[in-house]
file data_25.cif (mmCIF, C-alpha atoms and all ligand atoms)
data_protein
#
loop_
_atom_site.label_atom_id
_atom_site.label_comp_id
_atom_site.auth_asym_id
_atom_site.auth_seq_id
_atom_site.Cartn_x
_atom_site.Cartn_y
_atom_site.Cartn_z
CA MET A 1 102.65 91.90 119.14
CA LYS A 2 103.73 90.11 115.96
CA ILE A 3 101.15 89.94 113.25
CA ILE A 4 101.13 88.40 109.78
CA MET A 5 98.70 89.64 107.14
CA LEU A 6 97.43 86.98 104.74
CA GLY A 7 95.19 87.41 101.72
CA ALA A 8 95.27 87.62 97.95
CA PRO A 9 97.11 90.50 96.32
CA GLY A 10 94.64 93.38 96.28
CA ALA A 11 92.61 92.12 99.26
CA GLY A 12 93.43 95.32 101.13
CA LYS A 13 95.90 93.78 103.54
CA GLY A 14 98.45 96.56 103.02
CA THR A 15 95.91 99.22 103.95
CA GLN A 16 94.81 97.27 107.02
CA ALA A 17 98.45 96.63 107.97
CA GLN A 18 99.11 100.36 107.90
CA MET A 19 96.03 101.07 110.04
CA ILE A 20 97.11 98.45 112.60
CA CYS A 21 100.61 99.93 112.71
CA ASP A 22 99.29 103.45 113.26
CA LYS A 23 97.01 102.30 116.11
CA TYR A 24 99.49 100.06 117.90
CA SER A 25 102.66 102.06 117.05
CA ILE A 26 104.56 99.15 115.55
CA PRO A 27 106.39 99.09 112.19
CA HIS A 28 104.76 97.99 108.95
CA ILE A 29 107.09 95.64 107.14
CA SER A 30 106.28 94.93 103.53
CA THR A 31 108.72 92.76 101.58
CA GLY A 32 107.20 94.22 98.40
CA ASP A 33 108.14 97.73 99.61
CA LEU A 34 111.63 96.53 100.58
CA PHE A 35 112.10 95.16 97.06
CA ARG A 36 110.70 98.31 95.47
CA SER A 37 113.07 100.49 97.45
CA ASN A 38 115.97 98.28 96.31
CA ILE A 39 114.78 98.67 92.72
CA LYS A 40 114.57 102.44 93.12
CA ASN A 41 118.09 102.56 94.55
CA GLY A 42 119.40 100.38 91.72
CA THR A 43 120.85 97.67 94.00
CA GLU A 44 121.87 94.21 92.76
CA LEU A 45 119.05 92.71 94.81
CA GLY A 46 116.60 95.16 93.24
CA LYS A 47 117.71 94.23 89.73
CA LYS A 48 117.25 90.53 90.39
CA ALA A 49 113.90 90.97 92.19
CA LYS A 50 112.46 93.18 89.42
CA GLU A 51 112.69 90.37 86.85
CA TYR A 52 110.30 88.25 88.91
CA MET A 53 108.05 91.04 90.13
CA ASP A 54 107.34 92.37 86.65
CA LYS A 55 106.06 88.93 85.64
CA GLY A 56 103.89 88.57 88.73
CA GLN A 57 106.08 85.74 90.03
CA LEU A 58 107.48 85.34 93.53
CA VAL A 59 111.05 86.41 94.14
CA PRO A 60 113.03 83.27 95.13
CA ASP A 61 113.26 82.51 98.85
CA GLU A 62 117.08 82.90 98.82
CA LEU A 63 116.63 86.60 97.99
CA THR A 64 113.64 87.18 100.24
CA VAL A 65 114.20 85.44 103.56
CA GLN A 66 117.43 87.16 104.63
CA LEU A 67 116.08 90.55 103.62
CA LEU A 68 113.15 90.03 105.96
CA LEU A 69 115.18 88.54 108.81
CA ASP A 70 117.60 91.49 108.70
CA ARG A 71 114.70 93.93 108.78
CA VAL A 72 112.97 92.36 111.80
CA ALA A 73 116.28 92.30 113.69
CA ASN A 74 116.22 96.12 113.73
CA ASP A 75 115.66 97.91 117.00
CA ASP A 76 112.29 99.34 115.99
CA CYS A 77 110.89 95.79 115.87
CA LYS A 78 111.44 95.11 119.57
CA ASN A 79 107.79 95.60 120.49
CA GLY A 80 106.44 93.77 117.47
CA TYR A 81 105.54 94.41 113.86
CA VAL A 82 103.06 93.70 111.13
CA LEU A 83 104.35 91.62 108.23
CA ASP A 84 102.61 92.42 104.97
CA GLY A 85 103.49 90.13 102.07
CA PHE A 86 105.70 87.79 104.07
CA PRO A 87 105.59 84.82 104.38
CA ARG A 88 104.30 83.92 100.95
CA THR A 89 105.40 80.28 100.86
CA ILE A 90 105.44 77.45 103.42
CA PRO A 91 109.29 77.39 103.48
CA GLN A 92 109.31 81.14 104.28
CA ALA A 93 106.83 80.54 107.12
CA GLU A 94 108.98 77.72 108.46
CA VAL A 95 112.12 79.86 108.46
CA LEU A 96 110.31 82.66 110.29
CA ASP A 97 108.96 80.22 112.89
CA LYS A 98 112.38 78.74 113.44
CA GLU A 99 114.04 82.12 113.76
CA LEU A 100 111.43 83.35 116.24
CA SER A 101 111.42 80.18 118.32
CA GLY A 102 115.23 80.45 118.53
CA LEU A 103 114.57 83.78 120.28
CA GLY A 104 111.87 82.24 122.50
CA ASP A 105 109.29 84.13 120.50
CA LYS A 106 106.37 83.46 118.14
CA VAL A 107 103.84 85.02 115.78
CA ASP A 108 100.72 86.08 117.73
CA PHE A 109 98.14 86.40 114.96
CA ALA A 110 97.81 85.57 111.27
CA ILE A 111 95.00 87.77 109.93
CA ASN A 112 93.48 86.49 106.71
CA VAL A 113 91.74 89.27 104.77
CA ASP A 114 89.32 87.22 102.71
CA VAL A 115 88.14 88.56 99.32
CA PRO A 116 86.84 86.41 96.43
CA ASP A 117 88.86 86.44 93.19
CA GLU A 118 86.14 88.19 91.21
CA ASN A 119 86.47 91.31 93.39
CA ILE A 120 90.25 91.31 93.22
CA VAL A 121 90.85 92.18 89.57
CA ARG A 122 88.46 95.15 89.80
CA ARG A 123 90.16 96.38 92.94
CA MET A 124 93.69 96.09 91.66
CA SER A 125 93.08 97.96 88.46
CA GLY A 126 92.01 100.99 90.58
CA ARG A 127 95.00 100.86 92.87
CA ARG A 128 97.48 103.74 92.81
CA THR A 129 100.73 103.93 94.75
CA CYS A 130 103.08 106.69 95.79
CA PRO A 131 106.55 105.89 94.40
CA LYS A 132 108.12 108.16 97.01
CA CYS A 133 106.61 107.19 100.39
CA GLY A 134 104.78 103.93 99.57
CA ALA A 135 101.27 105.15 100.51
CA SER A 136 98.50 103.35 98.63
CA TYR A 137 95.19 104.62 97.31
CA HIS A 138 92.24 103.41 95.26
CA ILE A 139 90.62 105.64 92.67
CA GLU A 140 87.12 104.66 93.94
CA HIS A 141 87.49 103.50 97.54
CA ILE A 142 90.40 105.51 98.96
CA PRO A 143 90.95 108.43 96.58
CA PRO A 144 93.66 110.96 97.38
CA LYS A 145 92.39 114.46 98.22
CA LYS A 146 93.79 115.75 94.92
CA GLU A 147 93.56 113.38 91.96
CA GLY A 148 96.86 111.69 91.14
CA VAL A 149 98.77 113.31 94.02
CA CYS A 150 99.92 111.71 97.28
CA ASP A 151 98.22 113.19 100.38
CA ARG A 152 101.24 112.44 102.53
CA CYS A 153 104.18 113.70 100.47
CA GLY A 154 102.78 115.39 97.36
CA ALA A 155 104.45 113.05 94.84
CA GLU A 156 102.65 112.01 91.66
CA LEU A 157 100.84 108.66 92.09
CA ILE A 158 101.52 105.75 89.74
CA GLN A 159 100.00 102.41 88.84
CA ARG A 160 102.54 99.73 89.73
CA ASP A 161 103.63 97.62 86.75
CA ASP A 162 102.49 94.53 88.59
CA ASP A 163 98.99 95.99 89.19
CA LYS A 164 98.36 96.06 85.44
CA PRO A 165 95.57 93.65 84.42
CA GLU A 166 97.82 91.23 82.51
CA THR A 167 99.98 90.69 85.59
CA VAL A 168 97.15 90.57 88.13
CA GLN A 169 95.79 87.26 86.82
CA ASN A 170 99.23 85.72 87.13
CA ARG A 171 99.70 87.02 90.66
CA LEU A 172 96.35 85.50 91.62
CA SER A 173 97.35 82.06 90.30
CA VAL A 174 100.65 82.31 92.16
CA TYR A 175 98.72 83.25 95.31
CA HIS A 176 96.44 80.21 95.06
CA GLU A 177 99.29 77.81 94.40
CA GLN A 178 101.95 79.05 96.79
CA THR A 179 100.49 81.36 99.41
CA GLN A 180 96.99 80.05 100.14
CA PRO A 181 98.43 76.90 101.82
CA LEU A 182 99.61 79.25 104.60
CA ILE A 183 95.99 79.57 105.70
CA ASN A 184 96.00 75.92 106.80
CA PHE A 185 99.52 76.24 108.17
CA TYR A 186 98.47 78.98 110.62
CA ASP A 187 95.06 77.43 111.26
CA GLU A 188 96.84 74.34 112.55
CA LYS A 189 98.82 76.58 114.89
CA ALA A 190 95.51 78.04 116.10
CA ILE A 191 96.50 81.66 115.38
CA LEU A 192 94.53 82.14 112.16
CA LYS A 193 91.78 84.78 112.22
CA THR A 194 89.75 85.40 109.08
CA VAL A 195 88.00 88.71 108.42
CA ASP A 196 85.59 89.54 105.60
CA GLY A 197 87.65 91.82 103.35
CA THR A 198 84.69 92.73 101.14
CA LYS A 199 83.33 95.06 103.84
CA ASP A 200 84.07 98.78 104.01
CA LEU A 201 87.69 99.28 105.05
CA ASN A 202 86.78 100.85 108.41
CA ASP A 203 84.51 97.89 109.21
CA VAL A 204 87.28 95.44 108.29
CA PHE A 205 89.59 97.38 110.60
CA ALA A 206 87.03 97.28 113.45
CA ASP A 207 86.85 93.49 113.05
CA ILE A 208 90.64 93.27 113.23
CA VAL A 209 90.84 95.48 116.33
CA ALA A 210 88.22 93.26 118.01
CA ILE A 211 90.55 90.31 117.39
CA LEU A 212 93.76 92.01 118.49
CA GLY A 213 92.16 93.54 121.58
P1 LIG B 301 103.45 93.09 97.23
O1 LIG B 301 103.79 94.52 97.30
O2 LIG B 301 103.41 92.43 98.60
O3 LIG B 301 102.20 92.79 96.46
O4 LIG B 301 104.66 92.36 96.46
C1 LIG B 301 104.97 92.69 95.11
C2 LIG B 301 105.84 91.60 94.51
O5 LIG B 301 107.06 91.49 95.27
C3 LIG B 301 105.25 90.20 94.54
O6 LIG B 301 104.37 89.96 93.44
C4 LIG B 301 106.52 89.36 94.46
O7 LIG B 301 107.05 89.34 93.15
C5 LIG B 301 107.48 90.13 95.34
N1 LIG B 301 107.40 89.70 96.76
C6 LIG B 301 106.98 90.43 97.83
N2 LIG B 301 107.05 89.72 98.96
C7 LIG B 301 107.51 88.49 98.61
C8 LIG B 301 107.78 87.28 99.33
N3 LIG B 301 107.56 87.19 100.66
N4 LIG B 301 108.27 86.23 98.63
C9 LIG B 301 108.49 86.31 97.30
N5 LIG B 301 108.23 87.38 96.56
C10 LIG B 301 107.74 88.48 97.20
#
call {"tool": "encode", "arguments": {"input": "data_25.cif", "output": "structure tokens", "more": "lines below"}}
Ligand code: AMP
result
Amino acid sequence: MKIIMLGAPGAGKGTQAQMICDKYSIPHISTGDLFRSNIKNGTELGKKAKEYMDKGQLVPDELTVQLLLDRVANDDCKNGYVLDGFPRTIPQAEVLDKELSGLGDKVDFAINVDVPDENIVRRMSGRRTCPKCGASYHIEHIPPKKEGVCDRCGAELIQRDDDKPETVQNRLSVYHEQTQPLINFYDEKAILKTVDGTKDLNDVFADIVAILG
């Protein structure tokens, strides 16, 4: 099963992606995480990507597409995957489609986690991330068992630079301009499913499971 998660930054799509992956035993592929691990390892790609990410802008397609295509060519992706944060532009979606159709394959579902803008800023300012294992938390909605510490690996949680309020507004504008058109793109392919992302996260997940079967 190949699934794409759509939705504004902070809509909770990363959390839902992780829950889907745990239930269906398929990998969670986040281009944001791939970039962050490149940044952490000090790679050339990481250095270039950081300049855009810190401003809340999209990393150019030339740096993003191959990274993703290489990742989904890995053996662990044979039975499917959940893409979280890719595609983010129509050209990225077209490349993915072309690549998959070349393999006689296709995306099965595009799940749009719908949350109005006014909820987003509040949500993102409470988000905390583990710099070591990538787990995400929210100080109100999904707090770690011990404040400021990752449940999974014990590392100290951080607020990502791009979750700071001044960057969030920019990321939202970028989302509306460049990523929201993907909703129509997948609707036209009849694989778009929209869920109400303002519900409790377990209810959102139940709605997604009802769609995936
Ligand atoms: P995320 O963790 O998905 O919110 O991504 C964090 C940042 O990484 C984004 O604000 C972009 O700067 C960059 N990024 C992640 N995925 C993509 C993508 N598919 N295309 C371009 N930039 C991306």
call {"tool": "atom_distance", "arguments": {"input": "data_25.cif", "atom1": "atom CA of Lys199 of chain A", "atom2": "atom CA of Val115 of chain A"}}
result
9.3 Å
call {"tool": "residues_around", "arguments": {"input": "data_25.cif", "residues": "Leu45 of chain A", "least_positions_apart": "4", "cutoff": "12 Å", "atoms": "all atoms listed in the file", "output": "CSV table (one decimal) with C-alpha atoms, in the frame of the given file"}}
result
chain,number,residue,atom,x,y,z
A,34,LEU,CA,111.6,96.5,100.6
A,35,PHE,CA,112.1,95.2,97.1
A,36,ARG,CA,110.7,98.3,95.5
A,37,SER,CA,113.1,100.5,97.4
A,38,ASN,CA,116.0,98.3,96.3
A,39,ILE,CA,114.8,98.7,92.7
A,40,LYS,CA,114.6,102.4,93.1
A,41,ASN,CA,118.1,102.6,94.6
A,49,ALA,CA,113.9,91.0,92.2
A,50,LYS,CA,112.5,93.2,89.4
A,51,GLU,CA,112.7,90.4,86.8
A,52,TYR,CA,110.3,88.2,88.9
A,59,VAL,CA,111.0,86.4,94.1
A,60,PRO,CA,113.0,83.3,95.1
A,62,GLU,CA,117.1,82.9,98.8
A,63,LEU,CA,116.6,86.6,98.0
A,64,THR,CA,113.6,87.2,100.2
A,66,GLN,CA,117.4,87.2,104.6
A,67,LEU,CA,116.1,90.6,103.6
call {"tool": "closest_residue", "arguments": {"input": "data_25.cif", "among": "A:Ile90, A:Cys77, A:Val195, A:Cys21", "to": "ligand LIG 301 (chain B)", "atoms": "all atoms listed in the file"}}
result
A:Ile90
call {"tool": "closest_residue", "arguments": {"input": "data_25.cif", "among": "A:Asp22, A:Met124, A:Pro87, A:Ala17", "to": "Asp163 of chain A", "atoms": "only C-alpha atoms"}}
result
A:Met124
call {"tool": "residues_around", "arguments": {"input": "data_25.cif", "residues": "Phe86 of chain A", "least_positions_apart": "3", "cutoff": "10 Å", "atoms": "only C-alpha atoms", "output": "number ranges by chain"}}
result
A: 4-6, 29-32, 64-65, 68, 82-83, 89, 92-93, 96, 179
